[in-house]
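Notes for the one structure printed next.
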Amino acid sequence: MRLSPVILTVVIASLAYNTPPEMAFSRLLPAAPALAAAMWPVLPTVLLGTVCLILMIGLSFVFPDLGTWWTAAGIIAVTVAAAYGSHVRLQRERTLFQVRLVADAAQQVVLSPMPRRLGRLEIESLYLAAAAEASIGGDFYEVADTPHGVRLLIGDVRGKGLPAVGAAAAIVNAFREAAYGETDMVEVARRLDASSMRYNAAFPPEGPMERFATALLVEIPHEGKRIDILNCGHPPPMLLTHDGLRTLESATPSPLLSLADLIGDRYSIDSFDFAPDDLLLLYTDGIAEARARDGEFFPLAAWMGRQPRTPPQELLTTLHRDLLHYSRGRLDDDIAALAVRLRAPAPQGTQSR
């Protein structure tokens with residue numbers, strides 16, 4: 001692709017030399033510097049325009065009636081415009097590069113590196129932003145190893161791109177503190193709701209729509225055996241066991257973050273069995289709502305039911321690949337997922353090294 005302006009120049013010059021003058025292929029020479037402006041810096045673009053001008057002058061000696069001066073004037077005009085276009089494009093590329101650096105830094109604040117092992121738990125994460133140039137959106141997750149067990153958070157702020165990052169950061173930061181300080185997950189949820197409301201009051205959303213977030217809180221005791229789930233309007237997690245796939249629906253959903261004052265702050269916790277080698281998948285709605293070209297949603301439950309109980313990293317790698325294949329690489333929403341597996345206890349008498 002980088003050499004395409006040169007190839008185009010050679011092809012046009014060859015056709016102009018080897019065909020009758022009436023066909024006037026030489027008039028296409030200004031196309032070469034125009035194409036170069038889309039991929040080359042300013043100086044090489046100007047040099048290619050100069051080469052095209054020299055070729056045009058050379059062709060005039062072979063074909064005196066070629067209309068050299070009109071074409072030469074066109075080459076000069078297009079080269080000047082192409083050089084300016086190349087300069088503007090490079091400035092925009094530098095600006096975009098700086099924006100992506102800022103977005104990457106914001107991502108490191110909101111989505112800190114995940115611990116891959118916490119006791120007997122194996123944990124992996126996946127994040128894809130719909131606004132690829134931003135590298136981050138409104139989906140968030142966090143894991144905390146607390147005295148009360150391993151606590152996980154996954155959620156989704158309404159909206160996408162950089163405007164949702166601040167709201168997500170407020171919720172994640174509140175979780176990092178509350179997960180350690182609160183014994184009851186209900187109190188953790190209340191602190192997340194309060195933090196979300198304070199942020200929305202300080203930075204109100206544009207337009208009439210309220211800013212809110214779905215969230216899923218999970219607590220797993222260090223020895224395993226069960227999962228406690230508090231679901232604030234989030235898609236239910238899926239648990240792959242030796243008996244098959246189970247969707248962990250909440251009997252009584254809890255209010256979405258920032259909406260507790262409107263619909264009440266009655267929170268409920270549901271408990272489920274969690275045995276060794278069981279595989280837990282937490283995800284945001286961007287995964288379940290990924291669309292194929294015909295508009296069909298990604299069949300997440302059917303896909304999950306076909307998967308073996310592999311390590312979390314393998315599960316999310318396969319999910320990432322199949323999602324991009326299903327949607328042809330076009331994501332309409334941000335995507336986040338956490339995969340958790342409980343390892344079997346080491347045999348008694350075995351010493352870790």
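Just remember, in the structure tokens the first chain shown is A, the second B, etc., residues are 1-based per chain, and ligands are 1-based in the order shown.
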Contacts of Pro20 (chain A) at 12 Å (only C-alpha atoms; same-chain gap of 2+ positions) as an mmCIF file with all heavy atoms, in the first residue's frame:
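Listing of result.cif after writing:
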```
data_model
loop_
_atom_site.group_PDB
_atom_site.id
_atom_site.type_symbol
_atom_site.label_atom_id
_atom_site.label_comp_id
_atom_site.auth_asym_id
_atom_site.auth_seq_id
_atom_site.Cartn_x
_atom_site.Cartn_y
_atom_site.Cartn_z
ATOM 1 N N SER A 14 3.809 4.403 -18.300
ATOM 2 C CA SER A 14 3.960 3.335 -19.305
ATOM 3 C C SER A 14 2.830 3.377 -20.318
ATOM 4 O O SER A 14 3.053 3.234 -21.528
ATOM 5 C CB SER A 14 4.006 1.973 -18.610
ATOM 6 O OG SER A 14 5.097 1.896 -17.720
ATOM 7 N N LEU A 15 1.600 3.547 -19.816
ATOM 8 C CA LEU A 15 0.456 3.622 -20.740
ATOM 9 C C LEU A 15 0.566 4.848 -21.640
ATOM 10 O O LEU A 15 0.250 4.784 -22.842
ATOM 11 C CB LEU A 15 -0.844 3.664 -19.942
ATOM 12 C CG LEU A 15 -1.236 2.366 -19.219
ATOM 13 C CD1 LEU A 15 -2.453 2.602 -18.320
ATOM 14 C CD2 LEU A 15 -1.542 1.265 -20.226
ATOM 15 N N ALA A 16 0.989 5.977 -21.077
ATOM 16 C CA ALA A 16 1.117 7.199 -21.883
ATOM 17 C C ALA A 16 2.175 7.051 -22.967
ATOM 18 O O ALA A 16 2.032 7.595 -24.078
ATOM 19 C CB ALA A 16 1.451 8.380 -20.968
ATOM 20 N N TYR A 17 3.222 6.313 -22.688
ATOM 21 C CA TYR A 17 4.313 6.145 -23.656
ATOM 22 C C TYR A 17 3.956 5.117 -24.724
ATOM 23 O O TYR A 17 4.378 5.252 -25.884
ATOM 24 C CB TYR A 17 5.586 5.726 -22.923
ATOM 25 C CG TYR A 17 6.788 5.579 -23.826
ATOM 26 C CD1 TYR A 17 7.461 6.704 -24.289
ATOM 27 C CD2 TYR A 17 7.228 4.317 -24.232
ATOM 28 C CE1 TYR A 17 8.554 6.574 -25.132
ATOM 29 C CE2 TYR A 17 8.315 4.173 -25.071
ATOM 30 C CZ TYR A 17 8.983 5.302 -25.521
ATOM 31 O OH TYR A 17 10.047 5.157 -26.359
ATOM 32 N N ASN A 18 3.189 4.091 -24.360
ATOM 33 C CA ASN A 18 2.953 2.969 -25.273
ATOM 34 C C ASN A 18 1.594 3.007 -25.970
ATOM 35 O O ASN A 18 1.221 2.046 -26.649
ATOM 36 C CB ASN A 18 3.069 1.639 -24.509
ATOM 37 C CG ASN A 18 4.493 1.364 -24.049
ATOM 38 O OD1 ASN A 18 5.379 1.109 -24.869
ATOM 39 N ND2 ASN A 18 4.724 1.441 -22.736
ATOM 40 N N GLU A 22 -3.777 10.284 -28.671
ATOM 41 C CA GLU A 22 -5.178 10.644 -28.514
ATOM 42 C C GLU A 22 -5.795 10.092 -27.227
ATOM 43 O O GLU A 22 -6.769 10.633 -26.693
ATOM 44 C CB GLU A 22 -5.995 10.140 -29.714
ATOM 45 C CG GLU A 22 -5.503 10.645 -31.073
ATOM 46 C CD GLU A 22 -4.329 9.803 -31.591
ATOM 47 O OE1 GLU A 22 -4.405 8.557 -31.568
ATOM 48 O OE2 GLU A 22 -3.323 10.429 -31.961
ATOM 49 N N MET A 23 -5.257 8.994 -26.715
ATOM 50 C CA MET A 23 -5.801 8.394 -25.496
ATOM 51 C C MET A 23 -5.443 9.213 -24.253
ATOM 52 O O MET A 23 -6.102 9.118 -23.213
ATOM 53 C CB MET A 23 -5.312 6.958 -25.348
ATOM 54 C CG MET A 23 -5.701 6.083 -26.533
ATOM 55 S SD MET A 23 -5.316 4.347 -26.305
ATOM 56 C CE MET A 23 -6.504 3.889 -25.058
ATOM 57 N N ALA A 24 -4.366 9.981 -24.310
ATOM 58 C CA ALA A 24 -4.006 10.984 -23.291
ATOM 59 C C ALA A 24 -3.966 10.416 -21.875
ATOM 60 O O ALA A 24 -4.515 10.993 -20.938
ATOM 61 C CB ALA A 24 -4.957 12.172 -23.372
ATOM 62 N N PHE A 25 -3.332 9.257 -21.712
ATOM 63 C CA PHE A 25 -3.173 8.707 -20.363
ATOM 64 C C PHE A 25 -2.321 9.613 -19.468
ATOM 65 O O PHE A 25 -2.408 9.540 -18.243
ATOM 66 C CB PHE A 25 -2.534 7.317 -20.445
ATOM 67 C CG PHE A 25 -3.522 6.220 -20.730
ATOM 68 C CD1 PHE A 25 -3.595 5.652 -21.989
ATOM 69 C CD2 PHE A 25 -4.393 5.777 -19.750
ATOM 70 C CE1 PHE A 25 -4.514 4.651 -22.261
ATOM 71 C CE2 PHE A 25 -5.308 4.768 -20.009
ATOM 72 C CZ PHE A 25 -5.373 4.200 -21.280
ATOM 73 N N SER A 26 -1.514 10.461 -20.067
ATOM 74 C CA SER A 26 -0.647 11.341 -19.266
ATOM 75 C C SER A 26 -1.447 12.290 -18.393
ATOM 76 O O SER A 26 -0.954 12.775 -17.361
ATOM 77 C CB SER A 26 0.270 12.144 -20.198
ATOM 78 O OG SER A 26 -0.507 12.925 -21.102
ATOM 79 N N LEU A 59 7.638 13.244 -21.751
ATOM 80 C CA LEU A 59 6.678 12.737 -22.735
ATOM 81 C C LEU A 59 6.395 13.777 -23.820
ATOM 82 O O LEU A 59 6.063 13.428 -24.966
ATOM 83 C CB LEU A 59 5.371 12.352 -22.040
ATOM 84 C CG LEU A 59 5.406 11.080 -21.197
ATOM 85 C CD1 LEU A 59 4.130 10.958 -20.364
ATOM 86 C CD2 LEU A 59 5.573 9.847 -22.086
ATOM 87 N N VAL A 62 8.485 13.296 -26.824
ATOM 88 C CA VAL A 62 8.099 12.156 -27.665
ATOM 89 C C VAL A 62 6.809 12.463 -28.411
ATOM 90 O O VAL A 62 6.653 12.112 -29.586
ATOM 91 C CB VAL A 62 7.932 10.890 -26.795
ATOM 92 C CG1 VAL A 62 7.553 9.689 -27.672
ATOM 93 C CG2 VAL A 62 9.212 10.601 -26.018
ATOM 94 N N PHE A 63 5.868 13.133 -27.730
ATOM 95 C CA PHE A 63 4.573 13.475 -28.331
ATOM 96 C C PHE A 63 4.379 14.985 -28.210
ATOM 97 O O PHE A 63 3.840 15.477 -27.211
ATOM 98 C CB PHE A 63 3.436 12.745 -27.624
ATOM 99 C CG PHE A 63 3.617 11.245 -27.561
ATOM 100 C CD1 PHE A 63 3.955 10.630 -26.364
ATOM 101 C CD2 PHE A 63 3.450 10.473 -28.700
ATOM 102 C CE1 PHE A 63 4.117 9.266 -26.289
ATOM 103 C CE2 PHE A 63 3.616 9.099 -28.645
ATOM 104 C CZ PHE A 63 3.956 8.493 -27.449
ATOM 105 N N ASP A 65 2.326 17.099 -29.420
ATOM 106 C CA ASP A 65 0.960 17.627 -29.353
ATOM 107 C C ASP A 65 0.179 17.054 -28.172
ATOM 108 O O ASP A 65 -1.029 16.842 -28.242
ATOM 109 C CB ASP A 65 0.206 17.299 -30.664
ATOM 110 C CG ASP A 65 0.888 17.930 -31.865
ATOM 111 O OD1 ASP A 65 1.457 19.028 -31.702
ATOM 112 O OD2 ASP A 65 0.842 17.313 -32.950
ATOM 113 N N LEU A 66 0.839 16.813 -27.060
ATOM 114 C CA LEU A 66 0.220 16.135 -25.925
ATOM 115 C C LEU A 66 -0.502 17.093 -24.973
ATOM 116 O O LEU A 66 -1.163 16.651 -24.047
ATOM 117 C CB LEU A 66 1.315 15.372 -25.142
ATOM 118 C CG LEU A 66 0.872 14.180 -24.299
ATOM 119 C CD1 LEU A 66 0.123 13.153 -25.131
ATOM 120 C CD2 LEU A 66 2.079 13.528 -23.622
#
```
### Query
Closest to Ile227 (chain A) among A:Gly166, A:Pro308, A:Pro64, A:Gly149, using only C-alpha atoms?
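With only C-alpha atoms as the atom set, the closest residue is A:Gly149.
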### Query
Using the chain letters and numbers from this document, which residues of region 86-265 of chain A does DSSP assign to strand (DSSP E), as number ranges by chain?
A: 117-118, 121-128, 139-146, 149-157, 213-220, 225-232, 238-241, 244-247
### Message
When you count only C-alpha atoms, which of these residues is closest to Glu182 (chain A): A:Thr146, A:Ser4, A:Ser271, A:Ser195?
### Response
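Closest to Glu182 (chain A), using only C-alpha atoms: A:Thr146.
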Taking a cut-off of 7 Å and counting only C-alpha atoms, can you build a table that, for each residue of region 296-333 of chain A near region 121-128 of chain A, reports the nearest atom pair and how far apart they are in Å (one decimal), sorted by chain then residue number, as a Markdown table?
```
| residue | atom | partner | partner_atom | distance |
| --- | --- | --- | --- | --- |
| A:Pro312 | CA | A:Glu124 | CA | 5.7 |
| A:Gln313 | CA | A:Glu124 | CA | 5.6 |
| A:Leu316 | CA | A:Leu126 | CA | 6.6 |
```
Those same residues, written as a CSV table (one decimal), in the first residue's frame with all heavy atoms?
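part_17.csv, written as the output of this step:
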```csv
chain,number,residue,atom,x,y,z
A,312,PRO,N,-9.8,-20.1,32.7
A,312,PRO,CA,-10.5,-18.8,32.3
A,312,PRO,C,-9.8,-18.1,31.2
A,312,PRO,O,-10.5,-17.5,30.3
A,312,PRO,CB,-10.4,-18.0,33.6
A,312,PRO,CG,-10.3,-19.0,34.7
A,312,PRO,CD,-9.6,-20.1,34.2
A,313,GLN,N,-8.5,-18.1,31.1
A,313,GLN,CA,-7.8,-17.5,30.0
A,313,GLN,C,-8.2,-18.0,28.6
A,313,GLN,O,-8.5,-17.3,27.7
A,313,GLN,CB,-6.3,-17.5,30.2
A,313,GLN,CG,-5.6,-16.8,29.1
A,313,GLN,CD,-4.1,-16.8,29.3
A,313,GLN,OE1,-3.6,-17.6,30.1
A,313,GLN,NE2,-3.3,-15.9,28.7
A,316,LEU,N,-11.9,-16.9,27.7
A,316,LEU,CA,-12.1,-15.6,27.2
A,316,LEU,C,-11.4,-15.4,25.9
A,316,LEU,O,-11.8,-14.6,25.1
A,316,LEU,CB,-11.5,-14.6,28.3
A,316,LEU,CG,-12.3,-14.5,29.6
A,316,LEU,CD1,-11.8,-13.4,30.5
A,316,LEU,CD2,-13.8,-14.3,29.3
```
### Message
So that I can check the secondary structure, give me every residue of region 167-295 of chain A assigned alpha helix (DSSP H) by backbone DSSP, as a ChimeraX atom specification.
### Response
/A:167-181,185-202,260-263,285-288
#### Entry: From A:Val6, A:Ala275, A:Ala292, A:Leu319, residue lying nearest Arg343 (chain A) [only C-alpha atoms]
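Among the listed residues, the smallest separation from Arg343 (chain A) belongs to A:Ala275.
The residue that comes closest to Leu239 (chain A), out of A:Ala129, A:Leu342, A:Met197, A:Ala189 and on the basis of only C-alpha atoms, is A:Leu342.
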### Message
I'd like the interatomic distance between CA of Ser268 (chain A) and CA of Leu217 (chain A), to a tenth of an Å.
### Response
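That distance, rounded to one decimal, is 11.0 Å.
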Ala31 (chain A) environment, 9 Å, only C-alpha atoms, sequence neighbours closer than 3 positions dropped, as an mmCIF file with all heavy atoms, in the first residue's frame:
```
data_model
loop_
_atom_site.group_PDB
_atom_site.id
_atom_site.type_symbol
_atom_site.label_atom_id
_atom_site.label_comp_id
_atom_site.auth_asym_id
_atom_site.auth_seq_id
_atom_site.Cartn_x
_atom_site.Cartn_y
_atom_site.Cartn_z
ATOM 1 N N PRO A 5 1.386 4.751 -4.720
ATOM 2 C CA PRO A 5 1.554 5.941 -5.558
ATOM 3 C C PRO A 5 2.669 5.779 -6.598
ATOM 4 O O PRO A 5 2.539 6.258 -7.734
ATOM 5 C CB PRO A 5 1.895 7.040 -4.542
ATOM 6 C CG PRO A 5 1.298 6.564 -3.260
ATOM 7 C CD PRO A 5 1.496 5.090 -3.280
ATOM 8 N N LEU A 8 1.337 3.458 -9.286
ATOM 9 C CA LEU A 8 0.406 4.193 -10.134
ATOM 10 C C LEU A 8 1.143 5.091 -11.117
ATOM 11 O O LEU A 8 0.768 5.179 -12.305
ATOM 12 C CB LEU A 8 -0.534 5.015 -9.261
ATOM 13 C CG LEU A 8 -1.597 5.845 -9.997
ATOM 14 C CD1 LEU A 8 -2.544 4.927 -10.761
ATOM 15 C CD2 LEU A 8 -2.384 6.712 -9.011
ATOM 16 N N THR A 9 2.211 5.754 -10.656
ATOM 17 C CA THR A 9 2.998 6.622 -11.534
ATOM 18 C C THR A 9 3.609 5.826 -12.681
ATOM 19 O O THR A 9 3.564 6.238 -13.855
ATOM 20 C CB THR A 9 4.105 7.321 -10.727
ATOM 21 O OG1 THR A 9 3.518 8.072 -9.660
ATOM 22 C CG2 THR A 9 4.909 8.259 -11.621
ATOM 23 N N ARG A 27 -2.703 12.560 -18.772
ATOM 24 C CA ARG A 27 -3.515 13.473 -17.975
ATOM 25 C C ARG A 27 -3.879 12.880 -16.611
ATOM 26 O O ARG A 27 -4.406 13.591 -15.739
ATOM 27 C CB ARG A 27 -4.777 13.826 -18.747
ATOM 28 C CG ARG A 27 -4.495 14.622 -20.016
ATOM 29 C CD ARG A 27 -5.761 14.922 -20.773
ATOM 30 N NE ARG A 27 -5.478 15.620 -22.024
ATOM 31 C CZ ARG A 27 -6.404 15.948 -22.936
ATOM 32 N NH1 ARG A 27 -7.680 15.638 -22.690
ATOM 33 N NH2 ARG A 27 -6.059 16.571 -24.041
ATOM 34 N N LEU A 28 -3.615 11.590 -16.424
ATOM 35 C CA LEU A 28 -3.894 10.945 -15.140
ATOM 36 C C LEU A 28 -2.740 11.080 -14.155
ATOM 37 O O LEU A 28 -2.872 10.677 -12.996
ATOM 38 C CB LEU A 28 -4.202 9.459 -15.354
ATOM 39 C CG LEU A 28 -5.429 9.135 -16.200
ATOM 40 C CD1 LEU A 28 -5.543 7.625 -16.387
ATOM 41 C CD2 LEU A 28 -6.680 9.688 -15.552
ATOM 42 N N ALA A 34 -1.882 12.949 -5.543
ATOM 43 C CA ALA A 34 -3.121 12.986 -4.750
ATOM 44 C C ALA A 34 -3.239 11.730 -3.888
ATOM 45 O O ALA A 34 -3.640 11.797 -2.714
ATOM 46 C CB ALA A 34 -4.321 13.112 -5.674
ATOM 47 N N LEU A 35 -2.898 10.567 -4.463
ATOM 48 C CA LEU A 35 -2.940 9.328 -3.688
ATOM 49 C C LEU A 35 -1.859 9.322 -2.605
ATOM 50 O O LEU A 35 -2.093 8.841 -1.484
ATOM 51 C CB LEU A 35 -2.742 8.132 -4.625
ATOM 52 C CG LEU A 35 -2.703 6.745 -3.978
ATOM 53 C CD1 LEU A 35 -4.006 6.440 -3.252
ATOM 54 C CD2 LEU A 35 -2.402 5.675 -5.029
ATOM 55 N N ALA A 36 -0.687 9.869 -2.909
ATOM 56 C CA ALA A 36 0.405 9.895 -1.935
ATOM 57 C C ALA A 36 0.040 10.695 -0.696
ATOM 58 O O ALA A 36 0.497 10.386 0.410
ATOM 59 C CB ALA A 36 1.667 10.466 -2.585
ATOM 60 N N ILE A 75 -0.588 19.041 -12.606
ATOM 61 C CA ILE A 75 0.289 18.319 -11.682
ATOM 62 C C ILE A 75 0.768 19.243 -10.566
ATOM 63 O O ILE A 75 0.780 18.877 -9.382
ATOM 64 C CB ILE A 75 1.488 17.718 -12.447
ATOM 65 C CG1 ILE A 75 1.007 16.607 -13.389
ATOM 66 C CG2 ILE A 75 2.530 17.170 -11.467
ATOM 67 C CD1 ILE A 75 2.102 16.076 -14.287
ATOM 68 N N VAL A 78 -2.227 20.035 -8.162
ATOM 69 C CA VAL A 78 -2.602 18.881 -7.334
ATOM 70 C C VAL A 78 -1.507 18.593 -6.309
ATOM 71 O O VAL A 78 -1.791 18.236 -5.159
ATOM 72 C CB VAL A 78 -2.875 17.648 -8.217
ATOM 73 C CG1 VAL A 78 -3.023 16.388 -7.364
ATOM 74 C CG2 VAL A 78 -4.128 17.871 -9.052
#
```
### Message
Just to confirm, what's the straight-line distance from CA of Val42 (chain A) to CA of His87 (chain A) in Å (one decimal)?
### Response
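Answer for the CA of Val42 (chain A) to CA of His87 (chain A) separation: 6.1 Å.
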